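As provided, target-v1.txt (compact mmCIF, C-alpha atoms and all ligand atoms) reads as follows.
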```txt
# COMPACT_ATOMS: atom_id res chain seq x y z
CA MET A 1 0.00 0.00 0.00
CA ARG A 2 2.80 2.39 0.98
CA ALA A 3 4.77 1.59 -2.18
CA TRP A 4 1.64 2.09 -4.29
CA LEU A 5 0.93 5.45 -2.61
CA SER A 6 4.55 6.50 -3.07
CA ARG A 7 4.34 5.78 -6.82
CA ASN A 8 0.96 7.33 -7.44
CA LEU A 9 0.77 10.24 -5.00
CA PRO A 10 1.64 12.98 -7.56
CA LEU A 11 -1.02 11.58 -9.91
CA LEU A 12 -3.64 11.50 -7.15
CA ILE A 13 -2.88 15.09 -6.21
CA ALA A 14 -3.06 16.22 -9.85
CA ILE A 15 -6.47 14.51 -10.23
CA SER A 16 -7.85 16.07 -7.06
CA VAL A 17 -6.65 19.55 -8.11
CA LEU A 18 -8.32 19.11 -11.53
CA LEU A 19 -11.55 17.98 -9.84
CA MET A 20 -11.51 21.08 -7.65
CA ILE A 21 -11.00 23.30 -10.71
CA ALA A 22 -13.83 21.54 -12.53
CA GLN A 23 -16.12 21.99 -9.54
CA LEU A 24 -15.44 25.72 -9.39
CA LEU A 25 -15.80 26.10 -13.16
CA ARG A 26 -19.22 24.45 -12.97
CA GLN A 27 -20.38 27.21 -10.69
CA VAL A 28 -19.34 30.05 -13.01
CA TRP A 29 -19.99 28.26 -16.33
CA PRO A 30 -23.70 29.11 -16.91
CA SER A 31 -23.19 32.82 -16.58
CA ALA A 32 -20.49 33.31 -19.20
CA SER A 33 -18.78 31.91 -22.24
CA ALA A 34 -16.13 29.28 -21.61
CA PHE A 35 -13.26 31.65 -22.34
CA ALA A 36 -14.60 34.48 -20.21
CA ALA A 37 -15.44 32.08 -17.43
CA MET A 38 -11.91 30.71 -17.47
CA ARG A 39 -10.44 34.22 -17.42
CA ALA A 40 -12.67 35.34 -14.62
CA PHE A 41 -11.89 32.25 -12.69
CA LEU A 42 -8.12 32.53 -13.16
CA HIS A 43 -8.25 36.20 -12.31
CA ALA A 44 -9.98 35.49 -9.02
CA TRP A 45 -8.40 32.18 -8.04
CA GLY A 46 -5.36 31.55 -10.28
CA TRP A 47 -2.62 32.62 -7.90
CA TYR A 48 -4.08 30.68 -5.02
CA PHE A 49 -4.25 27.54 -7.15
CA LEU A 50 -0.76 28.01 -8.45
CA ALA A 51 0.57 28.34 -4.91
CA LEU A 52 -1.51 25.37 -3.73
CA GLY A 53 -0.33 23.26 -6.67
CA LEU A 54 3.31 24.11 -5.98
CA LEU A 55 2.89 23.33 -2.30
CA LEU A 56 1.19 20.01 -2.93
CA GLY A 57 3.78 19.13 -5.59
CA ALA A 58 6.63 19.88 -3.19
CA LEU A 59 4.93 17.84 -0.48
CA ALA A 60 4.41 14.90 -2.85
CA TRP A 61 8.05 15.05 -3.93
CA ALA A 62 9.25 15.18 -0.31
CA CYS A 63 7.11 12.16 0.67
CA ARG A 64 8.32 10.22 -2.32
CA VAL A 65 12.07 10.80 -1.81
CA HIS A 66 11.67 10.14 1.92
CA TRP A 67 9.95 6.78 1.34
CA GLN A 68 12.50 5.83 -1.27
CA GLY A 69 15.28 6.70 1.17
CA LYS A 70 16.76 9.18 -1.34
CA ALA A 71 15.91 12.37 0.50
CA PRO A 72 18.76 14.91 0.65
CA ALA A 73 19.95 15.85 4.15
CA TRP A 74 18.81 19.49 3.76
CA LEU A 75 15.21 18.35 3.42
CA TYR A 76 15.18 17.06 6.99
CA ARG A 77 16.84 20.28 8.14
CA VAL A 78 14.05 22.30 6.47
CA ILE A 79 11.21 20.09 7.68
CA SER A 80 12.34 19.54 11.24
CA MET A 81 14.53 22.11 12.90
CA ASP A 82 17.42 20.36 14.65
CA ILE A 83 17.28 21.05 18.38
CA LEU A 84 21.04 21.57 18.21
CA ASP A 85 20.49 24.59 15.95
CA ARG A 86 19.61 26.46 19.11
CA LEU A 87 23.16 26.05 20.42
CA THR A 88 25.53 28.96 19.99
CA ASN A 89 28.18 26.70 18.48
CA LYS A 90 26.63 23.57 17.00
CA GLN A 91 29.79 22.85 15.00
CA GLN A 92 31.76 22.28 18.20
CA VAL A 93 29.35 19.53 19.23
CA GLU A 94 29.47 17.98 15.74
CA GLU A 95 33.27 17.88 15.80
CA ALA A 96 33.33 16.30 19.25
CA ALA A 97 30.81 13.65 18.12
CA ALA A 98 32.92 12.87 15.03
CA ARG A 99 36.03 12.54 17.23
CA MET A 100 34.20 10.16 19.53
CA ASP A 101 33.08 8.05 16.54
CA ASP A 102 36.66 7.82 15.31
CA GLU A 103 37.83 6.72 18.74
CA ALA A 104 35.19 3.99 18.72
CA LEU A 105 36.56 2.76 15.40
CA VAL A 106 40.03 2.29 16.80
CA ILE A 107 39.57 -0.66 19.08
CA ASP A 108 42.23 -2.17 21.29
CA ALA A 109 43.22 -5.46 19.64
CA ASP A 110 44.87 -6.85 22.80
CA SER A 111 41.85 -6.36 24.99
CA LEU A 112 39.52 -7.71 22.27
CA ALA A 113 41.76 -10.79 21.86
CA ALA A 114 41.78 -11.28 25.65
CA SER A 115 37.99 -11.15 25.87
CA LEU A 116 37.61 -13.56 22.95
CA GLN A 117 40.12 -15.99 24.46
CA ALA A 118 38.40 -15.83 27.83
CA LYS A 119 35.29 -17.29 26.26
CA VAL A 120 36.53 -19.41 23.35
CA VAL A 121 38.71 -22.24 24.60
CA GLY A 122 41.81 -23.57 22.81
CA GLN A 123 41.76 -21.14 19.84
CA ASN A 124 44.18 -18.47 21.07
CA ALA A 125 45.99 -18.04 17.72
CA VAL A 126 42.67 -17.55 15.90
CA CYS A 127 41.39 -15.09 18.53
CA GLN A 128 44.57 -12.97 18.37
CA ASP A 129 44.68 -12.93 14.58
CA LEU A 130 40.97 -12.08 14.37
CA ALA A 131 41.30 -9.21 16.86
CA GLN A 132 44.21 -7.75 14.84
CA GLN A 133 42.32 -8.05 11.56
CA VAL A 134 39.18 -6.47 12.95
CA ARG A 135 41.14 -3.60 14.50
CA ARG A 136 43.02 -2.80 11.28
CA ARG A 137 39.99 -3.02 9.07
CA MET A 138 37.69 -1.04 11.33
CA ALA A 139 40.22 1.78 11.48
CA LEU A 140 39.91 2.34 7.69
CA LEU A 141 37.59 5.30 7.21
CA GLN A 142 37.20 5.02 3.43
CA ARG A 143 35.85 1.67 2.41
CA SER A 144 34.01 0.41 -0.65
CA LYS A 145 33.65 -3.15 0.63
CA PRO A 146 32.66 -4.79 3.91
CA ILE A 147 34.98 -4.36 6.92
CA GLY A 148 35.93 -7.98 6.46
CA VAL A 149 34.89 -11.24 4.85
CA PHE A 150 36.34 -13.94 7.09
CA LEU A 151 36.19 -17.69 6.70
CA PHE A 152 36.33 -19.86 9.83
CA ALA A 153 37.30 -23.40 8.82
CA GLY A 154 38.00 -26.44 10.95
CA PRO A 155 36.57 -29.53 12.63
CA PRO A 156 33.01 -29.57 14.00
CA GLY A 157 32.42 -28.46 17.56
CA THR A 158 35.59 -26.39 17.85
CA GLY A 159 33.90 -23.02 18.37
CA LYS A 160 33.57 -21.49 14.88
CA THR A 161 29.95 -20.44 15.23
CA TYR A 162 30.50 -19.65 18.89
CA LEU A 163 33.44 -17.29 18.16
CA ALA A 164 31.37 -15.37 15.60
CA LYS A 165 28.65 -14.88 18.23
CA VAL A 166 31.18 -13.86 20.88
CA LEU A 167 32.80 -11.37 18.45
CA ALA A 168 29.44 -9.72 17.72
CA ALA A 169 28.74 -9.45 21.45
CA GLU A 170 32.19 -8.01 22.21
CA LEU A 171 31.86 -5.40 19.45
CA SER A 172 28.27 -4.66 20.57
CA ARG A 173 27.04 -5.35 17.06
CA LYS A 174 23.85 -7.05 16.00
CA LEU A 175 24.36 -10.66 14.88
CA LEU A 176 22.50 -11.68 11.72
CA HIS A 177 22.79 -15.47 11.78
CA PHE A 178 21.94 -17.49 8.67
CA ASP A 179 22.17 -21.26 8.57
CA MET A 180 23.09 -21.86 4.94
CA THR A 181 21.69 -25.41 4.98
CA GLN A 182 18.30 -23.64 4.84
CA PHE A 183 19.29 -21.77 1.69
CA ALA A 184 20.28 -24.72 -0.47
CA ALA A 185 17.23 -24.68 -2.74
CA GLY A 186 17.89 -22.30 -5.65
CA SER A 187 15.94 -19.19 -6.50
CA HIS A 188 13.51 -19.60 -3.58
CA SER A 189 16.45 -19.29 -1.18
CA ALA A 190 17.76 -16.23 -3.00
CA THR A 191 14.37 -14.49 -2.71
CA GLN A 192 14.23 -15.28 1.01
CA LEU A 193 17.53 -13.49 1.50
CA PHE A 194 17.47 -10.73 -1.10
CA GLY A 195 13.72 -10.07 -1.51
CA MET A 196 11.10 -10.83 -4.14
CA THR A 197 10.85 -9.06 -7.50
CA LYS A 198 7.87 -6.68 -7.90
CA GLY A 199 4.55 -8.20 -8.84
CA TYR A 200 4.99 -11.47 -6.93
CA VAL A 201 3.49 -12.44 -3.58
CA GLY A 202 5.72 -11.12 -0.82
CA SER A 203 7.28 -8.41 -2.99
CA ASP A 204 6.37 -5.69 -0.50
CA SER A 205 8.50 -7.09 2.31
CA TYR A 206 12.28 -7.09 2.41
CA GLY A 207 14.52 -10.17 2.23
CA LYS A 208 16.03 -11.49 5.46
CA LEU A 209 19.52 -10.27 4.60
CA THR A 210 18.57 -7.00 2.92
CA GLY A 211 16.03 -6.16 5.66
CA GLY A 212 18.53 -7.09 8.38
CA LEU A 213 21.29 -4.94 6.88
CA ARG A 214 18.88 -2.05 6.26
CA ASP A 215 18.01 -2.04 9.97
CA HIS A 216 21.52 -2.90 11.23
CA PRO A 217 24.14 -1.79 8.67
CA ALA A 218 26.99 -2.53 11.11
CA ALA A 219 25.89 -6.09 11.83
CA VAL A 220 28.07 -9.18 12.03
CA VAL A 221 26.58 -11.40 9.32
CA LEU A 222 27.21 -15.05 10.15
CA LEU A 223 26.81 -17.44 7.21
CA ASP A 224 27.02 -20.83 8.87
CA GLU A 225 28.12 -23.80 6.74
CA ILE A 226 28.56 -21.65 3.66
CA GLU A 227 29.44 -24.62 1.44
CA LYS A 228 25.78 -25.76 1.67
CA ALA A 229 24.42 -22.55 0.07
CA HIS A 230 22.95 -22.70 -3.44
CA PRO A 231 25.19 -21.13 -6.16
CA GLU A 232 22.53 -18.47 -6.81
CA VAL A 233 22.66 -17.46 -3.16
CA LEU A 234 26.45 -17.31 -3.34
CA LYS A 235 26.15 -15.03 -6.38
CA GLY A 236 24.13 -12.56 -4.29
CA PHE A 237 26.79 -12.58 -1.61
CA LEU A 238 29.58 -12.02 -4.12
CA THR A 239 28.12 -8.63 -5.06
CA ALA A 240 27.68 -7.85 -1.36
CA TRP A 241 31.40 -8.42 -0.88
CA ASN A 242 32.71 -6.99 -4.17
CA ASP A 243 30.52 -3.94 -4.70
CA GLY A 244 29.83 -2.92 -1.11
CA PHE A 245 26.05 -3.24 -1.39
CA VAL A 246 23.23 -5.73 -1.84
CA THR A 247 20.24 -4.99 -4.03
CA GLU A 248 16.79 -5.52 -2.54
CA ALA A 249 14.77 -7.14 -5.34
CA SER A 250 11.37 -5.65 -4.43
CA ASP A 251 12.33 -1.99 -4.88
CA GLY A 252 15.82 -2.17 -6.42
CA LYS A 253 17.27 -0.25 -3.52
CA HIS A 254 20.98 -0.61 -2.72
CA ILE A 255 21.66 -1.59 0.89
CA PRO A 256 25.27 -0.84 1.85
CA THR A 257 27.45 -3.63 3.26
CA THR A 258 30.48 -1.42 3.92
CA HIS A 259 29.94 -1.31 7.68
CA ALA A 260 29.22 -5.01 8.08
CA ILE A 261 31.53 -7.88 9.00
CA PHE A 262 30.80 -11.16 7.18
CA ILE A 263 31.83 -14.40 8.85
CA LEU A 264 31.54 -17.64 6.90
CA THR A 265 31.99 -20.99 8.60
CA SER A 266 32.74 -24.33 7.04
CA ASN A 267 33.93 -27.76 8.09
CA ALA A 268 34.95 -28.78 4.58
CA ALA A 269 38.32 -30.50 4.21
CA THR A 270 38.56 -31.04 7.97
CA ASP A 271 41.08 -33.90 7.84
CA ALA A 272 43.37 -32.10 5.39
CA LEU A 273 43.27 -28.89 7.45
CA SER A 274 44.01 -30.74 10.71
CA GLN A 275 47.01 -32.46 9.07
CA LEU A 276 48.30 -29.12 7.73
CA GLN A 277 47.90 -27.63 11.16
CA ARG A 278 50.15 -30.31 12.63
CA ASP A 279 52.73 -29.90 9.84
CA LEU A 280 52.79 -26.10 9.73
CA ALA A 281 52.17 -25.27 13.38
CA SER A 282 54.99 -22.70 13.46
CA ASP A 283 54.23 -21.06 10.09
CA PRO A 284 50.83 -19.30 10.22
CA ASP A 285 51.14 -17.70 6.76
CA GLY A 286 52.17 -21.00 5.17
CA LEU A 287 49.29 -22.72 6.97
CA ARG A 288 46.79 -20.21 5.61
CA MET A 289 48.02 -20.54 2.02
CA ALA A 290 48.15 -24.34 2.13
CA SER A 291 44.68 -24.43 3.74
CA VAL A 292 43.19 -22.29 0.96
CA SER A 293 44.67 -24.73 -1.60
CA ALA A 294 43.30 -27.70 0.35
CA LEU A 295 39.82 -26.16 0.40
CA ARG A 296 40.02 -25.43 -3.33
CA GLU A 297 41.08 -29.02 -4.06
CA GLN A 298 38.14 -30.34 -2.06
CA GLY A 299 35.75 -28.38 -4.29
CA PHE A 300 35.05 -25.35 -2.08
CA ALA A 301 33.55 -22.66 -4.37
CA PRO A 302 36.63 -20.92 -5.87
CA GLU A 303 34.76 -17.61 -6.38
CA VAL A 304 34.11 -17.48 -2.63
CA LEU A 305 37.70 -18.40 -1.77
CA ASN A 306 38.93 -15.62 -4.08
CA ARG A 307 36.84 -13.05 -2.28
CA ILE A 308 37.73 -13.96 1.29
CA ASP A 309 39.87 -11.43 3.16
CA ARG A 310 41.26 -13.90 5.65
CA LEU A 311 41.01 -17.58 6.48
CA PHE A 312 41.13 -18.68 10.12
CA VAL A 313 41.90 -22.35 10.68
CA PHE A 314 40.49 -23.70 13.94
CA ALA A 315 42.54 -26.28 15.81
CA PRO A 316 41.04 -29.59 16.93
CA LEU A 317 40.47 -29.48 20.69
CA ALA A 318 43.05 -31.32 22.77
CA GLY A 319 43.87 -32.18 26.38
CA LEU A 320 42.07 -30.25 29.08
CA ASP A 321 40.41 -28.02 26.46
CA VAL A 322 38.18 -31.00 25.59
CA ALA A 323 37.11 -31.17 29.24
CA ARG A 324 36.46 -27.41 29.34
CA VAL A 325 34.35 -27.37 26.19
CA CYS A 326 32.44 -30.53 27.18
CA ALA A 327 31.69 -28.95 30.57
CA LEU A 328 30.54 -25.71 28.90
CA GLU A 329 28.33 -27.56 26.45
CA MET A 330 26.90 -29.72 29.20
CA GLU A 331 25.97 -26.64 31.21
CA ALA A 332 24.39 -25.05 28.12
CA MET A 333 22.38 -28.25 27.51
CA ILE A 334 21.13 -28.28 31.12
CA ARG A 335 20.25 -24.59 30.95
CA GLY A 336 18.15 -25.51 27.93
CA TYR A 337 15.90 -27.43 30.36
CA GLY A 338 15.54 -24.33 32.54
CA LEU A 339 17.92 -25.71 35.20
CA ASP A 340 21.25 -24.57 36.60
CA VAL A 341 24.19 -26.73 37.59
CA ALA A 342 25.48 -26.06 41.08
CA ARG A 343 29.04 -24.85 41.46
CA GLY A 344 31.04 -27.95 42.35
CA GLY A 345 27.98 -30.05 41.57
CA VAL A 346 29.41 -32.11 38.71
CA ASP A 347 31.07 -35.42 39.43
CA PRO A 348 34.55 -35.30 37.78
CA ASP A 349 33.97 -38.89 36.59
CA ILE A 350 31.29 -37.55 34.24
CA ILE A 351 33.73 -35.19 32.53
CA VAL A 352 36.34 -37.95 32.33
CA GLN A 353 33.74 -40.20 30.69
CA LEU A 354 32.92 -37.43 28.16
CA MET A 355 36.62 -36.98 27.37
CA GLN A 356 37.04 -40.72 26.81
CA ARG A 357 34.07 -40.79 24.48
CA TYR A 358 35.49 -37.76 22.62
CA ARG A 359 38.84 -39.52 22.18
CA ARG A 360 37.18 -42.77 21.00
CA MET A 361 35.44 -40.82 18.21
CA GLY A 362 38.84 -39.84 16.70
CA THR A 363 38.85 -37.18 13.98
CA ALA A 364 35.04 -37.10 13.84
CA ALA A 365 34.91 -36.04 17.49
CA SER A 366 32.63 -33.16 18.37
CA SER A 367 31.89 -31.98 21.89
CA ARG A 368 28.31 -31.45 20.75
CA ASP A 369 27.85 -35.12 19.77
CA VAL A 370 29.45 -36.26 22.99
CA VAL A 371 27.16 -34.09 25.10
CA ARG A 372 24.16 -35.13 23.02
CA ALA A 373 24.85 -38.75 23.93
CA LEU A 374 24.96 -37.72 27.59
CA GLU A 375 21.71 -35.79 27.16
CA GLU A 376 19.95 -38.91 25.93
CA SER A 377 20.84 -40.71 29.11
CA ILE A 378 19.89 -37.91 31.53
CA ALA A 379 17.04 -36.13 29.72
CA ASP A 380 14.38 -38.01 31.74
CA SER A 381 15.93 -37.12 35.08
CA LEU A 382 16.29 -33.47 33.97
CA ILE A 383 12.61 -33.30 33.03
CA LYS A 384 11.66 -34.93 36.34
CA ALA A 385 13.85 -32.46 38.26
CA LYS A 386 12.11 -29.61 36.47
CA GLN A 387 8.66 -31.06 37.24
CA LEU A 388 9.58 -31.33 40.90
CA GLY A 389 10.35 -27.62 40.88
CA TYR A 390 14.13 -27.87 41.27
CA ARG A 391 16.11 -24.94 39.94
CA THR A 392 19.66 -26.00 40.69
CA ILE A 393 20.85 -29.56 40.28
CA GLU A 394 23.97 -31.65 40.71
CA LEU A 395 25.11 -34.50 38.50
CA ARG A 396 26.44 -37.62 40.16
CA MET A 397 27.75 -40.91 38.79
CA GLU A 398 25.94 -43.87 40.36
CA ASP A 399 26.49 -47.49 39.27
CA GLY A 400 28.12 -46.28 36.06
CA LYS A 401 25.14 -44.05 35.20
CA VAL A 402 24.74 -40.27 35.40
CA LYS A 403 21.95 -39.07 37.69
CA ALA A 404 20.57 -35.54 38.11
CA ARG A 405 19.51 -34.63 41.67
CA ALA A 406 18.35 -31.56 43.48
CA TRP A 407 21.25 -29.51 44.78
CA ALA A 408 21.57 -29.45 48.53
CA GLU A 409 23.95 -26.85 49.98
CA PRO A 410 26.73 -28.67 51.84
CA VAL A 411 26.10 -28.13 55.54
CA ALA A 412 29.08 -26.56 57.28
CA LYS A 413 30.35 -28.95 59.95
CA PRO A 414 30.37 -27.44 63.45
CA ARG A 415 33.86 -26.82 64.76
CA PRO A 416 34.93 -29.24 67.46
N1 LIG A 501 36.46 -23.55 21.57
C1 LIG A 501 35.35 -23.48 22.30
N2 LIG A 501 35.29 -22.74 23.42
C2 LIG A 501 34.16 -22.67 24.14
N3 LIG A 501 33.04 -23.33 23.83
C3 LIG A 501 33.04 -24.08 22.73
C4 LIG A 501 34.19 -24.19 21.91
N4 LIG A 501 33.90 -25.01 20.90
C5 LIG A 501 32.63 -25.39 21.07
N5 LIG A 501 32.12 -24.83 22.16
C6 LIG A 501 30.77 -25.05 22.70
O1 LIG A 501 30.15 -25.94 21.84
C7 LIG A 501 29.01 -25.34 21.20
C8 LIG A 501 29.06 -25.70 19.74
O2 LIG A 501 30.17 -25.10 19.14
P1 LIG A 501 30.10 -24.40 17.73
O3 LIG A 501 28.71 -24.41 17.27
O4 LIG A 501 30.78 -23.10 17.78
O5 LIG A 501 30.94 -25.42 16.88
P2 LIG A 501 31.34 -25.28 15.34
O6 LIG A 501 32.81 -25.22 15.27
O7 LIG A 501 30.58 -24.16 14.75
O8 LIG A 501 30.84 -26.68 14.81
P3 LIG A 501 30.15 -27.04 13.40
O9 LIG A 501 31.23 -27.03 12.38
O10 LIG A 501 29.59 -28.41 13.61
O11 LIG A 501 29.09 -26.02 13.16
C9 LIG A 501 29.13 -23.84 21.47
O12 LIG A 501 27.88 -23.25 21.61
C10 LIG A 501 29.92 -23.79 22.74
O13 LIG A 501 29.05 -23.90 23.84
MG MG A 502 28.94 -24.09 13.46
```

Output the file's structure as structure tokens, nothing else.
Amino acid sequence: MRAWLSRNLPLLIAISVLLMIAQLLRQVWPSASAFAAMRAFLHAWGWYFLALGLLLGALAWACRVHWQGKAPAWLYRVISMDILDRLTNKQQVEEAAARMDDEALVIDADSLAASLQAKVVGQNAVCQDLAQQVRRRMALLQRSKPIGVFLFAGPPGTGKTYLAKVLAAELSRKLLHFDMTQFAAGSHSATQLFGMTKGYVGSDSYGKLTGGLRDHPAAVVLLDEIEKAHPEVLKGFLTAWNDGFVTEASDGKHIPTTHAIFILTSNAATDALSQLQRDLASDPDGLRMASVSALREQGFAPEVLNRIDRLFVFAPLAGLDVARVCALEMEAMIRGYGLDVARGGVDPDIIVQLMQRYRRMGTAASSRDVVRALEESIADSLIKAKQLGYRTIELRMEDGKVKARAWAEPVAKPRP
């Protein structure tokens, strides 16, 4: 409706003005010839109508450019007086605001890396490299492409998706998360992301990506499992990365991508990447180059690889990091049931059992699969604990099985 009004408003106004003229002419028509009537009418009313026409025309134009998002900045200044105009020196405030924006762009890579590492276990090299890249790229003021297009590659369950979420939270940016397995079905997927061409059902609402970037231009766009995306969807992303904008199909509007960070994740070529990581542990640049070649050999879309700013290879989890991640995932799973795990309420044998299971799975190991197996065995007791109104539970190993019980605060023993 809004789009239709935007297109046809000048026409509607022209018709209503003509109708008004006709109405007035009808009143003077019988008393004079057509020419004289017109002259008399214009003499009496002409200037008013000219002024009214100009005013309505200007109003129609202003509405139209505003709805199309093409309104010049001065229009808003004319229509709504900026409250800051009342200050004696508005420019001083504007300069201070610009300075503050610039400061926000220059982030401290060390503190960002430290906060990422505090949450993402066992991926210190990736966290440090990512923090450096983000800092350098955000500091660039002139940009015709996104801040960064980063590919996170590596084995499942090593924190790729999780790091993207943590990065968005640390940078206080909106996360637009797309699971590319849901966009594997050709043109339908492309329309879901980039909008529907005019004239089709749904053509008056924006695509998920275009709408998201319109509302949050500085978002972190997470494209999970990018290798699953349909080639047509990939084509749309290539323009987003190369040209610095995406085109919304319904109204042809360009939505800028120059303030966004794109993060792609993939677990293609996992075995080859893990082997390279062992061989080139002390040569990060060599590892990156060899990893790109390995991905290309395994059929990863070359046009995507060519457009990536940086590849981050995630290490398989090892040693105590497996225990940490399993414990974190287990807590997240239990929280999913609306329960909390008491501090000190997990039997260490449970974590040891999870680590053994992880090791038995070899290269296919994923903390998620390990914890899912645990969930199957304790789901019933978690549901029962919830039904009984428990909020905090402990997990104990009894007769080789994991049991969830209500948490009872240890009673302090009286001093002798
Ligand atoms: N390195 C890690 N540090 C902290 N938590 C982790 C780490 N890796 C995995 N996790 C936990 O496991 C969950 C699943 O991890 P995540 O989804 O990031 O794995 P992934 O590498 O994206 O795997 P996949 O390739 O299968 O998508 C996370 O939500 C987090 O709770
Ligand atoms: Mg993932």

Give me, as a PDB file with C-alpha atoms, in the frame of the given file, the set of residues whose atoms come within 6 Å of any atom of ligand MG 502 (chain A), counting all atoms listed in the file.
```pdb
ATOM      1  CA  LYS A 160      33.570 -21.490  14.880  1.00  0.00           C
ATOM      2  CA  THR A 161      29.950 -20.440  15.230  1.00  0.00           C
ATOM      3  CA  ASP A 224      27.020 -20.830   8.870  1.00  0.00           C
TER       4      ASP A 224
END
```

(request) Tell me which protein, DNA and RNA residues are within 12 Å of Tyr162 in chain A, counting all atoms listed in the file, leaving out same-chain ones fewer than 5 positions away, and put them as number ranges by chain. (result) A: 116-117, 119-121, 123, 127, 152, 156-157, 167-169, 175, 177, 222, 224, 263, 265, 314, 325, 328-329

I need the residues from that last selection saved to file as a tab-separated table (two decimals), in the frame of the given file (with C-alpha atoms), if you can.
```
chain	number	residue	atom	x	y	z
A	116	LEU	CA	37.61	-13.56	22.95
A	117	GLN	CA	40.12	-15.99	24.46
A	119	LYS	CA	35.29	-17.29	26.26
A	120	VAL	CA	36.53	-19.41	23.35
A	121	VAL	CA	38.71	-22.24	24.60
A	123	GLN	CA	41.76	-21.14	19.84
A	127	CYS	CA	41.39	-15.09	18.53
A	152	PHE	CA	36.33	-19.86	9.83
A	156	PRO	CA	33.01	-29.57	14.00
A	157	GLY	CA	32.42	-28.46	17.56
A	167	LEU	CA	32.80	-11.37	18.45
A	168	ALA	CA	29.44	-9.72	17.72
A	169	ALA	CA	28.74	-9.45	21.45
A	175	LEU	CA	24.36	-10.66	14.88
A	177	HIS	CA	22.79	-15.47	11.78
A	222	LEU	CA	27.21	-15.05	10.15
A	224	ASP	CA	27.02	-20.83	8.87
A	263	ILE	CA	31.83	-14.40	8.85
A	265	THR	CA	31.99	-20.99	8.60
A	314	PHE	CA	40.49	-23.70	13.94
A	325	VAL	CA	34.35	-27.37	26.19
A	328	LEU	CA	30.54	-25.71	28.90
A	329	GLU	CA	28.33	-27.56	26.45
```

Discussion item. Using all atoms listed in the file - which residues lie no farther than 9 Å from the point (18.9, -12.0, -6.3) in the file's frame? Write them as an MDAnalysis selection string.
Written reply: chainID A and resid 187 190:191 193:197 232:233 235:236 246:249

The distance between CA of Ala269 in chain A and atom C10 of ligand LIG 501 (chain A) is 21.4 Å

Judged by only C-alpha atoms, the minimum distance to Gly159 in chain A among A:Ala219, A:Val126, A:Ala373, A:Leu213 is found for A:Val126

**Selected residue, from A:Ala301, A:His254, A:Ala315, A:Ser367, that lies nearest to Leu280 in chain A when counting all atoms listed in the file** =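 Closest candidate: A:Ala315.
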
Worksheet item: Of the residues A:Val292, A:Leu264, A:Leu18, A:Leu388, which is the one nearest to ligand LIG 501 (chain A), using only C-alpha atoms and all ligand atoms?
Response: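 For ligand LIG 501 (chain A), the nearest of the candidates is A:Leu264.
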
Six-sided padding of 6 Å per side, axis-aligned box over ligand LIG 501 (chain A), centre and edges in Å, one decimal, as AutoDock Vina command-line options:
```
--center_x 32.2 --center_y -25.5 --center_z 18.3 --size_x 20.6 --size_y 17.7 --size_z 23.8
```

re CA of Val371 in chain A and CA of Val402 in chain A: distance 12.3 Å

re CA of Ile351 in chain A and CA of Leu273 in chain A: distance 27.6 Å

Please provide the set of residues having any atom within 12 Å of Leu59 in chain A, restricted to all atoms listed in the file, with same-chain residues fewer than 3 positions apart removed, written as a PDB file with C-alpha atoms, in the coordinates of the input.
```pdb
ATOM      1  CA  SER A   6       4.550   6.500  -3.070  1.00  0.00           C
ATOM      2  CA  LEU A   9       0.770  10.240  -5.000  1.00  0.00           C
ATOM      3  CA  PRO A  10       1.640  12.980  -7.560  1.00  0.00           C
ATOM      4  CA  ILE A  13      -2.880  15.090  -6.210  1.00  0.00           C
ATOM      5  CA  LEU A  52      -1.510  25.370  -3.730  1.00  0.00           C
ATOM      6  CA  GLY A  53      -0.330  23.260  -6.670  1.00  0.00           C
ATOM      7  CA  LEU A  54       3.310  24.110  -5.980  1.00  0.00           C
ATOM      8  CA  LEU A  55       2.890  23.330  -2.300  1.00  0.00           C
ATOM      9  CA  LEU A  56       1.190  20.010  -2.930  1.00  0.00           C
ATOM     10  CA  ALA A  62       9.250  15.180  -0.310  1.00  0.00           C
ATOM     11  CA  CYS A  63       7.110  12.160   0.670  1.00  0.00           C
ATOM     12  CA  ARG A  64       8.320  10.220  -2.320  1.00  0.00           C
ATOM     13  CA  VAL A  65      12.070  10.800  -1.810  1.00  0.00           C
ATOM     14  CA  HIS A  66      11.670  10.140   1.920  1.00  0.00           C
ATOM     15  CA  LEU A  75      15.210  18.350   3.420  1.00  0.00           C
ATOM     16  CA  ILE A  79      11.210  20.090   7.680  1.00  0.00           C
TER      17      ILE A  79
END
```

Shell around Ala218 in chain A at 8 Å using all atoms listed in the file, local window under 2 positions removed, as JSON, numbers by chain: {"A": [173, 174, 213, 216, 220, 257, 259, 260, 261]}

Item checked: Shortest interatomic distance to Met330 in chain A - which of A:Met361, A:Leu374, A:Arg391, A:Ala385, counting all atoms listed in the file ->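 Nearest candidate to Met330 in chain A out of A:Met361, A:Leu374, A:Arg391, A:Ala385: A:Leu374.
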
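Within 7 Å of the file-frame point (39.1, -27.7, 10.8), and using all atoms listed in the file, the polymer residues found are Ala153, Gly154, Pro155, Asn267, Thr270, Leu273, Ser274, Val313, Phe314, Ala315 and Pro316 of chain A.
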
Review point. Of the candidates A:Ala281, A:Leu339, A:Leu223, A:Ile383, which one gets nearest to ligand LIG 501 (chain A) if we count only C-alpha atoms and all ligand atoms?
Key: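 The answer is A:Leu223, which sits nearest to ligand LIG 501 (chain A).
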
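Using all atoms listed in the file for every distance, the candidate list A:Arg296, A:Lys403, A:Arg307, A:Lys165 yields A:Lys165 as the residue closest to ligand LIG 501 (chain A).
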